[in-house]
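For reference, model-v3.txt (compact mmCIF, C-alpha atoms):
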# COMPACT_ATOMS: atom_id res chain seq x y z
CA MET A 1041 13.94 78.26 152.45
CA ASP A 1042 14.14 79.63 148.88
CA ALA A 1043 12.24 76.63 147.45
CA TYR A 1044 8.54 77.33 146.93
CA PRO A 1045 5.49 75.06 146.46
CA ILE A 1046 3.74 74.79 143.09
CA ALA A 1047 1.37 71.93 144.04
CA GLU A 1048 0.85 69.56 146.95
CA ASP A 1049 4.22 67.90 147.73
CA VAL A 1050 5.82 69.62 144.70
CA TYR A 1051 8.41 72.38 145.09
CA ARG A 1052 10.51 74.37 142.68
CA ILE A 1053 14.15 74.67 143.74
CA PRO A 1054 15.55 77.88 142.21
CA GLY A 1055 19.07 77.99 140.82
CA GLY A 1056 19.44 81.61 139.78
CA PHE A 1057 19.59 83.03 136.27
CA GLY A 1058 21.96 82.63 133.34
CA GLN A 1059 23.51 85.29 131.12
CA CYS A 1060 20.72 85.00 128.56
CA GLY A 1061 17.71 84.67 130.84
CA GLU A 1062 17.94 80.98 131.67
CA ASN A 1063 15.90 80.36 134.81
CA TYR A 1064 17.87 77.56 136.43
CA GLY A 1065 16.45 75.14 138.95
CA GLY A 1066 14.67 71.82 139.42
CA ILE A 1067 11.37 70.31 140.56
CA LEU A 1068 11.39 68.44 143.88
CA ILE A 1069 8.63 65.95 144.67
CA ALA A 1070 8.53 65.44 148.42
CA ASN A 1071 7.78 61.71 148.35
CA SER A 1072 9.43 58.59 149.65
CA PRO A 1073 11.90 58.35 148.01
CA PRO A 1074 12.28 62.05 147.17
CA ILE A 1075 12.38 62.78 143.42
CA LEU A 1076 14.13 65.67 141.70
CA ILE A 1077 13.40 66.40 138.03
CA GLY A 1078 16.06 68.54 136.40
CA ALA A 1079 18.97 70.14 138.25
CA SER A 1080 20.79 73.25 137.06
CA GLY A 1081 22.28 76.38 138.57
CA SER A 1082 25.59 75.10 139.95
CA ASN A 1083 26.43 76.06 143.54
CA LYS A 1084 23.40 78.32 144.08
CA PHE A 1085 21.08 75.47 143.17
CA VAL A 1086 22.92 72.94 145.35
CA VAL A 1087 22.70 75.22 148.40
CA ASN A 1088 18.94 75.66 147.89
CA LEU A 1089 18.45 71.93 147.29
CA VAL A 1090 20.24 70.85 150.47
CA GLU A 1091 18.32 73.45 152.49
CA ALA A 1092 14.99 72.21 151.10
CA LEU A 1093 15.79 68.55 151.75
CA ASN A 1094 16.68 69.37 155.36
CA GLU A 1095 13.63 71.54 156.03
CA LEU A 1096 11.24 69.04 154.43
CA LYS A 1097 12.96 66.20 156.35
CA LEU A 1098 13.61 64.19 153.20
CA ASN A 1099 16.37 61.98 154.51
CA GLU A 1100 16.24 59.12 152.00
CA ASN A 1101 18.61 58.98 149.05
CA LEU A 1102 17.49 61.46 146.43
CA LYS A 1103 16.73 60.23 142.90
CA ILE A 1104 17.38 62.78 140.13
CA PHE A 1105 15.78 62.41 136.69
CA TYR A 1106 17.10 64.47 133.78
CA PRO A 1107 14.78 65.48 130.91
CA CYS A 1108 17.89 66.76 129.13
CA LEU A 1109 21.62 67.02 129.68
CA LEU A 1110 23.35 70.26 128.79
CA TRP A 1111 26.53 71.84 130.09
CA GLU A 1112 24.88 73.28 133.19
CA GLU A 1113 23.38 69.91 134.24
CA ILE A 1114 26.78 68.19 134.05
CA ILE A 1115 28.57 70.84 136.14
CA THR A 1116 25.75 70.91 138.69
CA ALA A 1117 25.66 67.09 138.95
CA GLU A 1118 29.27 66.99 140.12
CA MET A 1119 28.53 69.59 142.80
CA ILE A 1120 25.45 67.67 143.96
CA GLN A 1121 27.42 64.44 144.23
CA ASN A 1122 30.12 66.14 146.29
CA LYS A 1123 27.47 67.46 148.71
CA LEU A 1124 25.09 64.46 148.66
CA PRO A 1125 27.20 61.36 147.91
CA GLY A 1126 24.21 59.01 148.16
CA VAL A 1127 22.26 60.66 145.34
CA GLU A 1128 21.10 58.43 142.44
CA PHE A 1129 21.24 59.93 138.95
CA GLN A 1130 18.72 58.61 136.41
CA VAL A 1131 19.57 59.31 132.75
CA HIS A 1132 18.36 57.88 129.46
CA GLU A 1133 20.40 54.85 128.41
CA ASP A 1134 21.56 56.64 125.22
CA VAL A 1135 23.55 59.19 127.22
CA PHE A 1136 24.82 56.93 130.00
CA GLU A 1137 28.45 57.01 128.80
CA MET A 1138 28.30 60.75 128.23
CA PHE A 1139 27.03 61.37 131.76
CA THR A 1140 29.31 58.95 133.57
CA LYS A 1141 32.46 60.20 131.73
CA PRO A 1142 31.72 63.78 130.70
CA LYS A 1143 35.30 64.91 130.05
CA ASP A 1144 35.75 62.18 127.42
CA ASN A 1145 32.30 62.22 125.83
CA PHE A 1146 30.22 65.35 126.43
CA LEU A 1147 31.50 67.56 123.60
CA SER A 1148 32.30 64.81 121.11
CA LYS A 1149 28.97 64.96 119.22
CA ARG A 1150 28.43 68.71 119.22
CA PHE A 1151 29.44 71.71 117.16
CA HIS A 1152 30.08 74.30 119.84
CA ALA A 1153 29.63 78.06 119.62
CA HIS A 1154 33.05 78.71 121.16
CA PRO A 1155 36.30 78.88 119.17
CA GLN A 1156 38.42 75.74 119.40
CA GLY A 1157 40.63 77.15 122.16
CA GLU A 1158 37.58 77.94 124.28
CA ILE A 1159 36.27 74.41 123.82
CA LYS A 1160 39.51 73.05 125.27
CA ASN A 1161 39.04 75.31 128.28
CA LEU A 1162 35.48 74.07 128.72
CA ILE A 1163 36.59 70.44 128.57
CA LYS A 1164 39.00 71.09 131.45
CA LYS A 1165 36.06 72.17 133.63
CA LEU A 1166 34.06 68.99 133.01
CA PRO A 1167 34.21 66.24 135.65
CA THR A 1168 36.20 63.15 134.73
CA SER A 1169 33.51 60.84 136.05
CA ILE A 1170 30.15 60.79 137.84
CA SER A 1171 29.11 57.71 139.81
CA ASN A 1172 25.88 56.13 141.04
CA VAL A 1173 24.22 56.59 137.63
CA PHE A 1174 21.28 54.45 136.46
CA LYS A 1175 19.89 53.95 132.96
CA VAL A 1176 16.24 54.66 132.14
CA ASN A 1177 14.19 54.04 129.00
CA LYS A 1178 10.54 53.98 127.94
CA LEU A 1179 9.90 50.93 130.13
CA SER A 1180 11.27 52.65 133.23
CA ASN A 1181 9.07 53.94 135.99
CA ILE A 1182 9.32 54.36 139.72
CA GLU A 1183 6.61 54.17 142.36
CA THR A 1184 6.88 56.54 145.28
CA ASN A 1185 4.47 56.61 148.22
CA LYS A 1186 2.36 59.30 146.52
CA THR A 1187 2.89 59.12 142.75
CA LYS A 1188 4.39 57.20 139.85
CA ILE A 1189 7.16 58.64 137.67
CA LEU A 1190 7.01 57.73 133.96
CA ILE A 1191 9.68 58.20 131.29
CA ILE A 1192 8.67 59.15 127.73
CA PRO A 1193 11.70 59.26 125.38
CA SER A 1194 11.68 62.22 122.99
CA PRO A 1195 15.06 62.37 121.22
CA GLY A 1196 14.27 65.33 118.95
CA PRO A 1197 16.45 68.09 120.44
CA HIS A 1198 19.30 65.74 121.21
CA LYS A 1199 20.13 62.17 122.10
CA GLY A 1200 18.82 61.18 125.51
CA HIS A 1201 16.11 63.85 125.76
CA VAL A 1202 13.00 62.60 127.58
CA PHE A 1203 9.72 63.81 129.03
CA VAL A 1204 9.30 62.98 132.72
CA TYR A 1205 5.71 62.63 133.94
CA SER A 1206 4.37 62.47 137.50
CA ARG A 1207 1.07 60.59 137.29
CA ASN A 1208 -0.69 61.74 140.45
CA HIS A 1209 0.34 65.38 140.02
CA LYS A 1210 -0.50 65.31 136.28
CA MET A 1211 2.82 67.11 135.83
CA LEU A 1212 4.81 66.93 132.60
CA CYS A 1213 8.48 68.00 132.56
CA THR A 1214 9.30 68.79 128.94
CA GLY A 1215 13.02 69.45 128.87
CA ILE A 1216 13.90 71.91 126.09
CA VAL A 1217 10.96 71.19 123.77
CA LEU A 1218 8.96 74.05 125.36
CA GLY A 1219 10.03 77.31 126.95
CA LEU A 1220 13.36 79.07 126.67
CA THR A 1221 16.08 77.69 124.41
CA PRO A 1222 19.33 78.99 125.92
CA SER A 1223 21.52 81.24 123.78
CA ASN A 1224 24.33 81.30 126.32
CA SER A 1225 27.35 80.14 124.33
CA LYS A 1226 28.34 77.70 127.07
CA LEU A 1227 24.99 75.93 126.69
CA TYR A 1228 24.09 76.43 123.05
CA TYR A 1229 25.32 73.94 120.46
CA ILE A 1230 24.21 72.14 117.36
CA ASP A 1231 23.84 68.55 118.47
CA LYS A 1232 24.63 66.04 115.73
CA THR A 1233 22.52 63.42 117.52
CA GLY A 1234 19.29 65.44 117.18
CA SER A 1235 16.43 64.72 114.76
CA ILE A 1236 13.89 67.15 113.27
CA ASP A 1237 11.45 64.27 112.68
CA ALA A 1238 11.71 63.18 116.31
CA TYR A 1239 11.20 66.79 117.37
CA LYS A 1240 7.96 66.94 115.37
CA GLU A 1241 6.82 63.73 117.03
CA ALA A 1242 7.50 65.32 120.41
CA LEU A 1243 5.37 68.32 119.52
CA LYS A 1244 2.60 65.97 118.38
CA PHE A 1245 2.75 64.17 121.73
CA LEU A 1246 2.41 67.45 123.61
CA THR A 1247 -0.89 68.25 121.89
CA GLN A 1248 -2.28 64.97 123.27
CA ALA A 1249 -0.70 65.13 126.74
CA LYS A 1250 -3.09 65.19 129.69
CA ALA A 1251 -1.05 67.46 131.92
CA GLU A 1252 -2.24 70.08 134.39
CA ILE A 1253 1.26 71.34 135.24
CA VAL A 1254 3.97 71.81 132.60
CA THR A 1255 7.56 72.45 133.66
CA PRO A 1256 9.98 73.31 130.85
CA ILE A 1257 13.67 73.34 131.63
CA TYR A 1258 15.08 76.86 132.33
CA ASP A 1259 11.62 78.31 132.84
CA GLU A 1260 8.86 78.63 135.45
CA PRO A 1261 6.20 75.89 135.72
CA TYR A 1262 2.77 76.83 134.45
CA PHE A 1263 -0.75 75.46 134.83
CA THR A 1264 -2.56 74.47 131.64
CA THR A 1265 -6.04 75.59 132.80
CA HIS A 1266 -5.58 79.05 131.32
CA SER A 1267 -2.55 78.32 129.15
CA PRO A 1268 -2.91 75.06 127.20
CA ILE A 1269 0.14 73.33 125.80
Let me see the structure of the file written as structure tokens.
Amino acid sequence: MDAYPIAEDVYRIPGGFGQCGENYGGILIANSPPILIGASGSNKFVVNLVEALNELKLNENLKIFYPCLLWEEIITAEMIQNKLPGVEFQVHEDVFEMFTKPKDNFLSKRFHAHPQGEIKNLIKKLPTSISNVFKVNKLSNIETNKTKILIIPSPGPHKGHVFVYSRNHKMLCTGIVLGLTPSNSKLYYIDKTGSIDAYKEALKFLTQAKAEIVTPIYDEPYFTTHSPI
């Protein structure tokens, strides 16, 4: 399978590369229930995900947590649901409506890089609805058989952005606070729900975080032993 281990029971599912160097993918924790953190890369990612679930014999309903929701995550979510109808999507409560009804809500709070006509074309490609979606917030957590998943809201870059932390793996998934910020015009936008002050608070949190593995969105995971946050 194309998925590869980065720690015990933790695999990176590759999703290919974007036009501007985005390294798409997600982090699969092979627990009961199986946990996926982040999911991007459209069809290529979905093929690799299904293959990994089958080879690792993870037959329970998959739970997907999203540190952030950009264009690529929305498109990929629809493809995942078509292939794995039992999947459970976990998104921050602030973006629940946006995720469940993307065509109506996804672009409403953003200045987009595309001309107006292109925006209309993008809207046509968004799914009308996504089902089996659950709200998470700072009180949310989930126990698996081998770890505990914690949610740390960090709304700086945009509404609904969170850090997702796996306690036993000491793994922090940082969304778009660290690593590559996409410049692909389909992904890049100025989000009117973002906050510079909240972004600074997120950076402050990272300096205190006790993480041994850091996984930014659109980038490779890295170990903090030789590369501190």
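With all atoms listed in the file as the basis for measurement, A:Pro1073 is the residue among A:Gly1065, A:Pro1073, A:Pro1142, A:Pro1054 that approaches Glu1183 (chain A) most closely.
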Of the candidates A:Met1138, A:Ala1251, A:Ile1236, A:Leu1190, which one gets nearest to Thr1168 (chain A) if we count all atoms listed in the file? A:Met1138
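Here CA of Ala1092 (chain A) is placed at a distance of 12.1 Å from CA of Asp1049 (chain A).
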Residue neighbourhood Asn1099 (chain A), 12 Å, only C-alpha atoms, exclusion window fewer than 6 positions, as a list in words: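 So, after excluding close chain neighbours, the residues are Ala1070, Asn1071, Ser1072, Pro1073, Pro1074, Ile1075, Val1090, Glu1091, Ala1092, Leu1093, Leu1124, Gly1126 and Val1127 of chain A.
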Could you write out that same residue set with C-alpha atoms as a short mmCIF file (atom, residue, chain, number, x, y, z; two decimals), in the coordinates of the input?
data_model
loop_
_atom_site.label_atom_id
_atom_site.label_comp_id
_atom_site.auth_asym_id
_atom_site.auth_seq_id
_atom_site.Cartn_x
_atom_site.Cartn_y
_atom_site.Cartn_z
CA ALA A 1070 8.53 65.44 148.42
CA ASN A 1071 7.78 61.71 148.35
CA SER A 1072 9.43 58.59 149.65
CA PRO A 1073 11.90 58.35 148.01
CA PRO A 1074 12.28 62.05 147.17
CA ILE A 1075 12.38 62.78 143.42
CA VAL A 1090 20.24 70.85 150.47
CA GLU A 1091 18.32 73.45 152.49
CA ALA A 1092 14.99 72.21 151.10
CA LEU A 1093 15.79 68.55 151.75
CA LEU A 1124 25.09 64.46 148.66
CA GLY A 1126 24.21 59.01 148.16
CA VAL A 1127 22.26 60.66 145.34
#
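In terms of minimum interatomic distance to Lys1149 (chain A), A:Val1135 ranks closest within A:Val1135, A:Val1176, A:Leu1162, A:Val1087, counting only C-alpha atoms.
Interatomic distance, CA of Pro1125 (chain A) against CA of Gly1055 (chain A): 19.8 Å.
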